[in-house]
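Source file: data_18.cif. Holds: mmCIF, C-alpha atoms.
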data_structure
#
loop_
_atom_site.label_atom_id
_atom_site.label_comp_id
_atom_site.auth_asym_id
_atom_site.auth_seq_id
_atom_site.Cartn_x
_atom_site.Cartn_y
_atom_site.Cartn_z
CA MET C 1 -238.78 170.91 -28.53
CA PHE C 2 -238.71 169.04 -31.85
CA ARG C 3 -242.49 168.50 -31.60
CA LYS C 4 -243.07 172.23 -31.18
CA LEU C 5 -240.81 173.04 -34.09
CA TRP C 6 -242.60 170.42 -36.21
CA GLY C 7 -245.97 171.95 -35.45
CA LYS C 8 -244.69 175.44 -36.15
CA TYR C 9 -243.07 174.65 -39.44
CA ARG C 10 -245.85 172.27 -40.54
CA ARG C 11 -248.34 175.06 -40.16
CA GLY C 12 -246.06 177.27 -42.19
CA GLY C 13 -245.68 174.55 -44.80
CA CYS C 14 -241.91 174.82 -44.62
CA LEU C 15 -240.43 171.38 -44.17
CA ALA C 16 -237.03 172.52 -45.44
CA ALA C 17 -236.88 175.26 -42.82
CA LEU C 18 -237.71 172.66 -40.16
CA LEU C 19 -234.89 170.42 -41.24
CA LEU C 20 -232.52 173.40 -41.21
CA ALA C 21 -233.56 174.34 -37.69
CA VAL C 22 -233.11 170.78 -36.45
CA GLY C 23 -229.66 170.66 -38.04
CA MET C 24 -228.72 173.87 -36.27
CA VAL C 25 -229.82 172.50 -32.90
CA LEU C 26 -227.95 169.24 -33.40
CA GLY C 27 -224.90 171.06 -34.74
CA CYS C 28 -224.71 173.33 -31.70
CA GLY C 29 -224.96 170.37 -29.40
CA ALA C 30 -222.15 168.55 -31.23
CA GLN C 31 -219.90 171.61 -31.30
CA LYS C 32 -220.27 171.98 -27.57
CA ASP C 33 -218.78 168.55 -27.06
CA VAL C 34 -215.77 169.10 -29.33
CA GLN C 35 -212.43 169.72 -27.56
CA ALA C 36 -209.83 171.60 -29.61
CA ASP C 37 -206.36 170.04 -29.62
CA ALA C 38 -203.61 172.06 -27.93
CA TRP C 39 -200.88 172.65 -30.47
CA GLY C 40 -197.40 173.96 -29.79
CA ARG C 41 -194.77 175.51 -32.02
CA ALA C 42 -191.18 174.29 -32.30
CA ASP C 43 -188.28 176.65 -31.83
CA ALA C 44 -184.47 176.36 -31.60
CA LYS C 45 -181.44 178.27 -30.40
CA GLU C 46 -180.58 180.66 -33.21
CA ILE C 47 -178.60 183.90 -33.22
CA ASP C 48 -177.35 186.47 -35.67
CA ILE C 49 -173.57 186.75 -35.90
CA ASN C 50 -172.82 190.46 -36.05
CA SER C 51 -169.72 192.44 -36.88
CA LYS C 52 -168.22 194.18 -33.85
CA ILE C 53 -166.13 196.47 -36.04
CA PRO C 54 -166.84 198.42 -39.24
CA GLY C 55 -165.11 197.35 -42.43
CA ARG C 56 -165.39 195.59 -45.76
CA VAL C 57 -166.08 191.86 -46.07
CA VAL C 58 -163.11 190.50 -48.02
CA GLN C 59 -164.11 186.84 -47.69
CA LEU C 60 -167.38 185.08 -46.86
CA LEU C 61 -166.74 181.38 -46.40
CA VAL C 62 -170.25 179.99 -45.79
CA LYS C 63 -173.63 179.82 -47.42
CA GLU C 64 -177.11 178.94 -46.23
CA GLY C 65 -177.37 175.30 -45.18
CA ASP C 66 -173.67 174.90 -44.37
CA THR C 67 -172.74 173.11 -41.17
CA VAL C 68 -170.02 174.83 -39.13
CA GLN C 69 -168.05 173.92 -36.03
CA GLU C 70 -167.46 176.07 -32.99
CA GLY C 71 -164.62 178.52 -33.67
CA GLN C 72 -164.71 177.99 -37.44
CA VAL C 73 -163.98 181.17 -39.42
CA ILE C 74 -167.09 182.35 -41.25
CA ALA C 75 -165.84 185.61 -42.76
CA TYR C 76 -162.85 187.95 -42.91
CA ILE C 77 -163.08 191.74 -42.62
CA ASP C 78 -160.41 194.01 -44.14
CA LYS C 79 -157.82 194.78 -41.44
CA ARG C 80 -155.26 196.90 -43.29
CA ASP C 81 -156.28 200.14 -41.53
CA LEU C 82 -156.08 198.42 -38.16
CA LEU C 83 -152.60 197.07 -38.93
CA ALA C 84 -151.43 200.59 -39.82
CA GLN C 85 -152.82 201.89 -36.53
CA LYS C 86 -151.09 199.07 -34.66
CA ALA C 87 -147.73 200.02 -36.18
CA GLN C 88 -148.31 203.63 -35.16
CA TYR C 89 -149.22 202.65 -31.59
CA GLU C 90 -146.16 200.41 -31.30
CA ALA C 91 -143.86 203.20 -32.55
CA ASN C 92 -145.43 205.60 -30.05
CA ILE C 93 -144.81 203.14 -27.22
CA GLN C 94 -141.18 202.70 -28.27
CA ALA C 95 -140.66 206.48 -28.30
CA LEU C 96 -142.21 206.83 -24.84
CA GLU C 97 -140.08 204.00 -23.49
CA ALA C 98 -136.94 205.68 -24.84
CA GLN C 99 -138.05 208.95 -23.23
CA LEU C 100 -138.61 207.15 -19.94
CA GLN C 101 -135.19 205.52 -20.08
CA GLN C 102 -133.50 208.85 -20.73
CA ALA C 103 -135.43 210.53 -17.92
CA SER C 104 -134.52 207.70 -15.59
CA VAL C 105 -130.80 208.06 -16.36
CA VAL C 106 -130.93 211.82 -15.80
CA THR C 107 -132.80 211.35 -12.54
CA THR C 108 -130.34 208.74 -11.31
CA LEU C 109 -127.29 210.83 -12.14
CA GLN C 110 -128.73 214.03 -10.79
CA ASN C 111 -130.03 212.32 -7.70
CA GLY C 112 -126.58 210.92 -6.88
CA THR C 113 -124.84 214.24 -7.55
CA THR C 114 -127.39 216.24 -5.61
CA HIS C 115 -127.21 214.07 -2.53
CA SER C 116 -123.43 214.26 -2.66
CA ASP C 117 -123.61 218.05 -2.92
CA VAL C 118 -126.02 218.18 0.01
CA ASN C 119 -123.70 216.09 2.14
CA THR C 120 -120.72 218.26 1.21
CA ALA C 121 -122.61 221.47 1.88
CA GLN C 122 -123.85 220.21 5.22
CA ALA C 123 -120.33 219.19 6.21
CA ALA C 124 -118.98 222.60 5.19
CA ALA C 125 -121.74 224.31 7.16
CA ALA C 126 -120.93 222.23 10.21
CA GLN C 127 -117.24 223.10 9.93
CA ALA C 128 -118.04 226.79 9.47
CA GLN C 129 -120.29 226.72 12.52
CA SER C 130 -117.53 225.07 14.55
CA ASN C 131 -115.05 227.74 13.40
CA LEU C 132 -117.55 230.44 14.26
CA GLU C 133 -118.01 229.11 17.76
CA LEU C 134 -114.23 229.02 18.28
CA ALA C 135 -113.78 232.50 16.85
CA SER C 136 -116.63 233.79 18.97
CA ALA C 137 -115.04 232.42 22.13
CA ASP C 138 -111.67 233.99 21.27
CA TYR C 139 -113.33 237.30 20.40
CA GLN C 140 -115.15 237.49 23.72
CA ARG C 141 -112.06 236.51 25.73
CA TYR C 142 -109.77 239.02 24.03
CA GLN C 143 -112.38 241.74 24.34
CA GLU C 144 -112.25 241.30 28.12
CA LEU C 145 -108.43 241.29 28.05
CA VAL C 146 -108.23 244.44 25.98
CA ASN C 147 -110.69 246.15 28.29
CA GLU C 148 -108.41 245.22 31.22
CA GLY C 149 -105.38 246.44 29.27
CA ALA C 150 -103.79 243.00 29.37
CA VAL C 151 -103.32 242.76 25.57
CA PRO C 152 -102.70 245.32 22.86
CA GLN C 153 -105.63 246.66 20.82
CA GLN C 154 -104.04 245.28 17.66
CA THR C 155 -104.23 241.73 19.00
CA PHE C 156 -107.89 242.18 19.83
CA GLU C 157 -108.57 243.54 16.32
CA ASN C 158 -107.10 240.38 14.82
CA TYR C 159 -109.47 238.14 16.79
CA ARG C 160 -112.42 240.38 15.97
CA THR C 161 -111.61 240.06 12.28
CA ARG C 162 -111.41 236.27 12.59
CA TYR C 163 -114.82 236.30 14.27
CA LYS C 164 -116.41 238.31 11.44
CA VAL C 165 -114.79 236.05 8.83
CA ALA C 166 -116.18 233.01 10.64
CA GLN C 167 -119.67 234.58 10.63
CA ALA C 168 -119.42 235.19 6.88
CA ALA C 169 -118.22 231.63 6.33
CA VAL C 170 -121.24 230.26 8.22
CA ASN C 171 -123.63 232.34 6.09
CA GLN C 172 -121.92 231.17 2.92
CA ALA C 173 -121.99 227.52 4.02
CA GLN C 174 -125.72 227.76 4.85
CA ALA C 175 -126.35 229.24 1.39
CA GLY C 176 -124.56 226.21 -0.06
CA VAL C 177 -126.82 223.88 1.94
CA ASN C 178 -129.91 225.74 0.73
CA LYS C 179 -128.72 225.49 -2.88
CA ALA C 180 -128.07 221.75 -2.56
CA ASN C 181 -131.49 221.22 -1.02
CA SER C 182 -133.06 223.16 -3.88
CA ALA C 183 -131.42 220.74 -6.28
CA LEU C 184 -133.29 217.95 -4.51
CA LEU C 185 -136.53 219.57 -5.62
CA GLN C 186 -135.38 219.18 -9.23
CA THR C 187 -134.81 215.50 -8.54
CA ASP C 188 -138.39 215.25 -7.30
CA ALA C 189 -139.55 216.99 -10.48
CA ASN C 190 -137.58 214.50 -12.58
CA GLN C 191 -139.20 211.59 -10.74
CA ALA C 192 -142.66 213.12 -11.29
CA ASN C 193 -141.81 213.42 -15.00
CA GLU C 194 -140.86 209.74 -15.05
CA ALA C 195 -144.19 208.83 -13.48
CA ALA C 196 -146.05 210.91 -16.09
CA VAL C 197 -144.22 209.14 -18.92
CA GLN C 198 -145.00 205.77 -17.35
CA LYS C 199 -148.72 206.67 -17.32
CA LYS C 200 -148.54 207.62 -21.00
CA ILE C 201 -146.94 204.26 -21.76
CA ALA C 202 -149.70 202.45 -19.86
CA GLN C 203 -152.37 204.36 -21.80
CA ALA C 204 -150.67 203.62 -25.10
CA GLN C 205 -150.40 199.92 -24.24
CA ALA C 206 -154.10 199.83 -23.30
CA ALA C 207 -154.97 201.41 -26.66
CA LEU C 208 -152.78 198.82 -28.39
CA GLU C 209 -154.49 195.97 -26.56
CA GLN C 210 -157.90 197.33 -27.58
CA LEU C 211 -156.71 197.54 -31.16
CA GLU C 212 -155.53 193.92 -31.01
CA VAL C 213 -159.01 192.94 -29.85
CA SER C 214 -160.42 194.70 -32.92
CA LEU C 215 -157.90 192.84 -35.08
CA ASP C 216 -159.16 189.55 -33.65
CA GLU C 217 -162.69 190.63 -34.57
CA THR C 218 -161.71 190.83 -38.25
CA GLU C 219 -162.03 187.04 -38.19
CA ILE C 220 -165.72 186.27 -37.72
CA LYS C 221 -166.03 182.87 -36.03
CA ALA C 222 -168.93 180.58 -35.21
CA PRO C 223 -169.80 180.84 -31.50
CA PHE C 224 -171.08 177.26 -31.47
CA ALA C 225 -171.53 174.30 -33.79
CA GLY C 226 -174.62 174.62 -35.95
CA VAL C 227 -176.20 175.28 -39.32
CA ILE C 228 -176.15 178.56 -41.24
CA THR C 229 -179.82 179.43 -41.73
CA ALA C 230 -179.49 182.89 -43.31
CA LYS C 231 -176.86 184.99 -45.06
CA TYR C 232 -177.36 188.75 -44.88
CA VAL C 233 -174.34 190.13 -46.75
CA GLU C 234 -172.08 189.28 -49.68
CA GLU C 235 -168.34 189.57 -50.21
CA GLY C 236 -167.36 193.18 -50.74
CA SER C 237 -170.16 194.52 -48.57
CA MET C 238 -169.29 197.47 -46.34
CA LEU C 239 -170.32 196.79 -42.75
CA SER C 240 -171.03 199.16 -39.91
CA GLN C 241 -170.62 198.13 -36.31
CA GLY C 242 -173.30 195.61 -35.31
CA THR C 243 -174.29 194.62 -38.85
CA PRO C 244 -175.56 191.00 -38.96
CA ILE C 245 -173.58 188.77 -41.31
CA VAL C 246 -175.23 185.36 -41.00
CA ALA C 247 -177.67 183.53 -38.73
CA ILE C 248 -176.64 180.27 -37.10
CA GLN C 249 -178.90 177.68 -35.53
CA ASP C 250 -178.00 174.95 -33.05
CA PRO C 251 -179.92 171.83 -34.16
CA ALA C 252 -179.04 170.12 -30.88
CA ASP C 253 -180.85 172.74 -28.79
CA ASN C 254 -184.55 172.88 -29.66
CA TRP C 255 -187.89 172.80 -27.90
CA VAL C 256 -191.66 173.12 -28.29
CA ASP C 257 -193.65 175.92 -26.68
CA LEU C 258 -197.11 174.66 -25.71
CA LYS C 259 -199.89 177.05 -24.71
CA VAL C 260 -201.82 175.39 -21.88
CA PRO C 261 -205.11 176.74 -20.43
CA GLU C 262 -205.04 177.46 -16.72
CA THR C 263 -207.68 174.78 -16.24
CA GLU C 264 -205.22 172.16 -17.53
CA LEU C 265 -202.03 173.54 -16.01
CA SER C 266 -202.09 171.28 -12.96
CA LYS C 267 -201.48 168.27 -15.23
CA TYR C 268 -197.99 169.52 -16.09
CA ALA C 269 -194.88 169.49 -13.91
CA LEU C 270 -191.21 170.33 -14.29
CA ASP C 271 -188.97 167.43 -15.43
CA GLN C 272 -192.05 165.59 -16.71
CA GLN C 273 -191.43 163.41 -19.77
CA VAL C 274 -193.91 163.90 -22.62
CA THR C 275 -194.36 162.65 -26.18
CA LEU C 276 -195.23 165.02 -29.01
CA VAL C 277 -196.73 164.28 -32.42
CA GLY C 278 -196.24 166.42 -35.53
CA ARG C 279 -199.00 167.55 -37.86
CA ASP C 280 -198.17 164.77 -40.27
CA GLY C 281 -199.21 162.28 -37.59
CA LYS C 282 -195.96 160.36 -38.08
CA THR C 283 -193.26 162.49 -36.51
CA LYS C 284 -192.99 161.64 -32.83
CA VAL C 285 -190.48 163.07 -30.38
CA THR C 286 -189.97 162.88 -26.65
CA GLY C 287 -189.11 165.86 -24.49
CA THR C 288 -188.83 167.10 -20.94
CA ILE C 289 -190.74 170.01 -19.46
CA THR C 290 -188.07 172.51 -18.44
CA ASP C 291 -190.16 175.60 -17.76
CA ILE C 292 -193.73 176.51 -16.90
CA SER C 293 -194.26 180.21 -17.32
CA LYS C 294 -195.18 182.24 -14.27
CA LYS C 295 -196.74 184.89 -16.48
CA ALA C 296 -199.94 184.43 -18.48
CA GLU C 297 -199.71 184.49 -22.29
CA PHE C 298 -203.23 185.31 -23.49
CA ALA C 299 -206.87 184.36 -23.01
CA THR C 300 -207.50 180.92 -24.49
CA GLN C 301 -211.24 181.30 -24.06
CA ARG C 302 -213.10 184.56 -23.65
CA ALA C 303 -215.97 184.89 -21.22
CA THR C 304 -219.39 184.83 -22.97
CA SER C 305 -222.90 185.18 -21.64
CA GLU C 306 -224.05 182.31 -23.87
CA ARG C 307 -221.85 179.82 -21.98
CA GLY C 308 -222.59 181.41 -18.68
CA ASP C 309 -218.89 182.15 -18.11
CA ASP C 310 -217.96 185.17 -16.04
CA SER C 311 -214.21 185.27 -16.64
CA ASP C 312 -211.61 184.49 -19.30
CA ILE C 313 -209.57 181.29 -19.31
CA ILE C 314 -205.89 182.26 -19.43
CA SER C 315 -203.14 180.23 -21.04
CA PHE C 316 -199.55 179.73 -19.87
CA ASN C 317 -196.49 178.72 -21.83
CA VAL C 318 -195.02 175.28 -21.16
CA LYS C 319 -191.54 174.76 -22.61
CA ILE C 320 -190.71 171.17 -23.61
CA GLN C 321 -187.02 170.67 -24.33
CA VAL C 322 -186.66 168.08 -27.11
CA ASN C 323 -183.19 168.41 -28.75
CA ALA C 324 -184.25 166.22 -31.67
CA GLU C 325 -182.96 166.50 -35.23
CA GLN C 326 -186.51 166.13 -36.59
CA LEU C 327 -187.53 169.50 -35.14
CA ARG C 328 -187.37 172.61 -37.26
CA PRO C 329 -188.42 176.02 -35.95
CA GLY C 330 -192.03 176.73 -36.85
CA MET C 331 -193.21 173.11 -36.96
CA ARG C 332 -196.40 172.37 -35.01
CA PHE C 333 -196.72 169.59 -32.44
CA ARG C 334 -199.37 168.35 -30.03
CA LEU C 335 -199.25 166.03 -27.06
CA ALA C 336 -199.76 162.41 -27.92
CA GLU C 337 -202.55 160.53 -26.15
CA GLY C 338 -201.31 159.28 -22.81
CA ALA C 339 -198.10 161.20 -23.42
CA ARG C 340 -197.51 162.33 -19.85
CA SER C 341 -195.39 160.17 -17.56
#
Show this structure as C-alpha cells.
Amino acid sequence: MFRKLWGKYRRGGCLAALLLAVGMVLGCGAQKDVQADAWGRADAKEIDINSKIPGRVVQLLVKEGDTVQEGQVIAYIDKRDLLAQKAQYEANIQALEAQLQQASVVTTLQNGTTHSDVNTAQAAAAQAQSNLELASADYQRYQELVNEGAVPQQTFENYRTRYKVAQAAVNQAQAGVNKANSALLQTDANQANEAAVQKKIAQAQAALEQLEVSLDETEIKAPFAGVITAKYVEEGSMLSQGTPIVAIQDPADNWVDLKVPETELSKYALDQQVTLVGRDGKTKVTGTITDISKKAEFATQRATSERGDDSDIISFNVKIQVNAEQLRPGMRFRLAEGARS
C-alpha cells in the first residue's frame, strides 16, 4: 500500500502529502489498539435536613465544614405560637374532663335513683295486682250470693266498689312502672353523653400529641454523624414546611460508581475486593463490590459500519463500597492494574 501511495504522490510531486497520508494510516492503526481506561466517580451518603414545620429560624448553630454528631442540635425554630396552642389544647382537655366528671356523677346518681324507683313501682304494681285478684274473687262470690238472695244488695255494692278501686290501683301502679322505666331511658342518654365527651377528650389529646411532635421539630437535629457540606438559610429566615436548612454528608459511607461495558462485566462479582487509584496517581483505596446493576446505564460504544459492529456495547453500573476518608464526592477513580482479587 505504501508503494502505491509513493508512486501516486511521486507522480504528483507532493512528498508532503505522501508523508501526511502515511501518518494518517499509521495513526489510525495506533488508535485502534488504544484501550480507554474505565473511570468511576466517587459519591457519598448525603442528605438535606429539611424543616417539617413552618417558622422562623431563631438560631443556626452550624456552618459549612462543621462536624456534627448524631442527635446534635443544628438549628432552633421559633415555637412561641406552638406553645400558645399547647396551652389552649390543655385547657380544652381540662374543661372536657370536668364536664365528663360532672356527667358521670349525674349519671351515677340518677341511675341509682331510677333503679330504686323502678323497683318500688314494680313492687307497688305487684301489690295492686294481688289486691285486684282478691277483690275480683270477692266481687264474683258476692255477686252469686246476691243473686241467690243470700246477702243484702248493700253488701254486694261494697265488694263491687272495692273491686273497682283495686282495678284503678292496678292501672295507677302500672303507670308508675312505665314512668320509672322511662327514667331509665334518660340514664341511657346520660351514658351516651358521657361516651361522646370521652371521644372529644380522646380527639383533643390526639391533637395535643401531634402538637408536641411539632414542638419537638422546632429543634433541628443531625440524623447521623457527619460533616455540614452546605448551608441554605441564615438566622432570621422564614421557613415553609419542607424547606432545606443544611446538607450533611457521612464521610464514613462512600463509594465509587464504575461504568463497566457488558463485554467486561463477567470479570466483576459481588463481594469482590478491588483497588482503586485516583487521578493524581497517588491516592489508592480498597473497596468491595456491593452492587452490580441489573439495568443498563448507556451505550459505551455505538455500532459503526467502519468497525463492522452491528450493535451497541452497553455499560452497567458497578458500585464499589470504599468508606475511606480520602474519598470526596465527584473525585474520579480507576481500577488499579491487577486490582481484582
task = Go through the shown structure with the PyMOL selection byres ((chain C and resi 80) around 12) and write out the matching residues as an NGL selection string.
result = :C and (55-56 or 58 or 76-79 or 81-87 or 214-215 or 218)
task = State, in Å with one decimal place, the distance from atom CA of C:Ile292 to atom CA of C:Pro223.
result = 28.4 Å
ask   = Hey, what's within 9 Å of C:Ser104 if we count only C-alpha atoms and toss same-chain stuff fewer than 6 positions away? As a PyMOL selection string, please?
value = chain C and resi 190-191+194
key: Nearest candidate to C:Val73 (options C:Ala222, C:Ala137, C:Val256, C:Ala247; using only C-alpha atoms)   =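 Nearest to C:Val73: C:Ala222.
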Would you give the centre and edge lengths, in Å to one decimal, of a box along x, y and z around the listed atoms of stretch 210-220 of chain C, with 3 Å added to each side, as JSON?
{"center_x": -160.6, "center_y": 191.9, "center_z": -32.9, "size_x": 16.2, "size_y": 17.3, "size_z": 16.7}
message = Need the shell around C:Gln129: protein/DNA/RNA residues with any atom at most 10 Å away, counting all atoms listed in the file. Skip same-chain ones fewer than 3 positions apart. Format as a PyMOL selection string?
response = chain C and resi 123-126+132-135+166-167+169-171+173-174
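Proximity ranking of C:Leu96, C:Val277, C:Phe156, C:Leu145 relative to C:Ala196 places C:Leu96 first, based on all atoms listed in the file.
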For atom CA of C:Lys295 and atom CA of C:Phe316, the interatomic separation in Å (one decimal) = 6.8 Å
Could you give me, as a compact mmCIF listing (two decimals) with C-alpha atoms, in the coordinates of the input, the residues within 8 Å of C:Ala75, counting all atoms listed in the file and dropping anything in the same chain fewer than 3 positions from it?
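See around.txt below for the written result:
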# COMPACT_ATOMS: atom_id res chain seq x y z
CA VAL C 57 -166.08 191.86 -46.07
CA VAL C 58 -163.11 190.50 -48.02
CA GLN C 59 -164.11 186.84 -47.69
CA LEU C 60 -167.38 185.08 -46.86
CA LEU C 61 -166.74 181.38 -46.40
CA VAL C 62 -170.25 179.99 -45.79
CA GLU C 219 -162.03 187.04 -38.19
CA ILE C 220 -165.72 186.27 -37.72
CA LYS C 221 -166.03 182.87 -36.03
remark   = As a check of understanding: the span from atom CA of C:Lys259 to atom CA of C:Asn317 is 4.8 Å
request  = I need the residue set behind the PyMOL selection byres ((chain C and resi 324) around 12) for this file; please write it as a PyMOL selection string.
outcome  = chain C and resi 42-44+250-256+276+283-288+320-323+325-329
ask   = Which residue out of C:Lys63, C:Gln140, C:Gln69, C:Gln153 has the minimum interatomic distance to C:Tyr232 when all atoms listed in the file are used?
value =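 Among the listed residues, the smallest separation from C:Tyr232 belongs to C:Lys63.
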message = Restricting the calculation to all atoms listed in the file: of C:Gly176, C:Gly65, C:Ala202, C:Leu239, which residue gets closest to C:Ala121?
response =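 Counting all atoms listed in the file, the residue closest to C:Ala121 is C:Gly176.
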Explicit residues for the PyMOL selection byres ((chain C and resi 269) around 9) (as a compact mmCIF listing (two decimals) with C-alpha atoms, keeping the file's coordinate frame):
# COMPACT_ATOMS: atom_id res chain seq x y z
CA LEU C 265 -202.03 173.54 -16.01
CA SER C 266 -202.09 171.28 -12.96
CA LYS C 267 -201.48 168.27 -15.23
CA TYR C 268 -197.99 169.52 -16.09
CA LEU C 270 -191.21 170.33 -14.29
CA ASP C 271 -188.97 167.43 -15.43
CA GLN C 272 -192.05 165.59 -16.71
CA ILE C 289 -190.74 170.01 -19.46
CA THR C 290 -188.07 172.51 -18.44
CA ASP C 291 -190.16 175.60 -17.76
CA ILE C 292 -193.73 176.51 -16.90
ask   = Do you know which residues are at most 9 Å from C:Glu262 counting only C-alpha atoms, after dropping those on the same chain fewer than 2 positions away, and could you put them as a list in words?
value =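 Contacts, with the query itself left out: Val260, Glu264, Leu265, Ser266, Ala296, Thr300, Ile313, Ile314, Ser315 and Phe316 of chain C.
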Just to be explicit: take each residue in the selection above, keep C-alpha atoms, and write the result as a CSV table (one decimal), in the frame of the given file.
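What ended up in again_8.csv:
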chain,number,residue,atom,x,y,z
C,260,VAL,CA,-201.8,175.4,-21.9
C,264,GLU,CA,-205.2,172.2,-17.5
C,265,LEU,CA,-202.0,173.5,-16.0
C,266,SER,CA,-202.1,171.3,-13.0
C,296,ALA,CA,-199.9,184.4,-18.5
C,300,THR,CA,-207.5,180.9,-24.5
C,313,ILE,CA,-209.6,181.3,-19.3
C,314,ILE,CA,-205.9,182.3,-19.4
C,315,SER,CA,-203.1,180.2,-21.0
C,316,PHE,CA,-199.6,179.7,-19.9
query = Quick one: of C:Glu235, C:Ala91, C:Ala180, C:Gly330, who's nearest to C:Gly278, counting all atoms listed in the file?
reply =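 The closest residue to C:Gly278 is C:Gly330.
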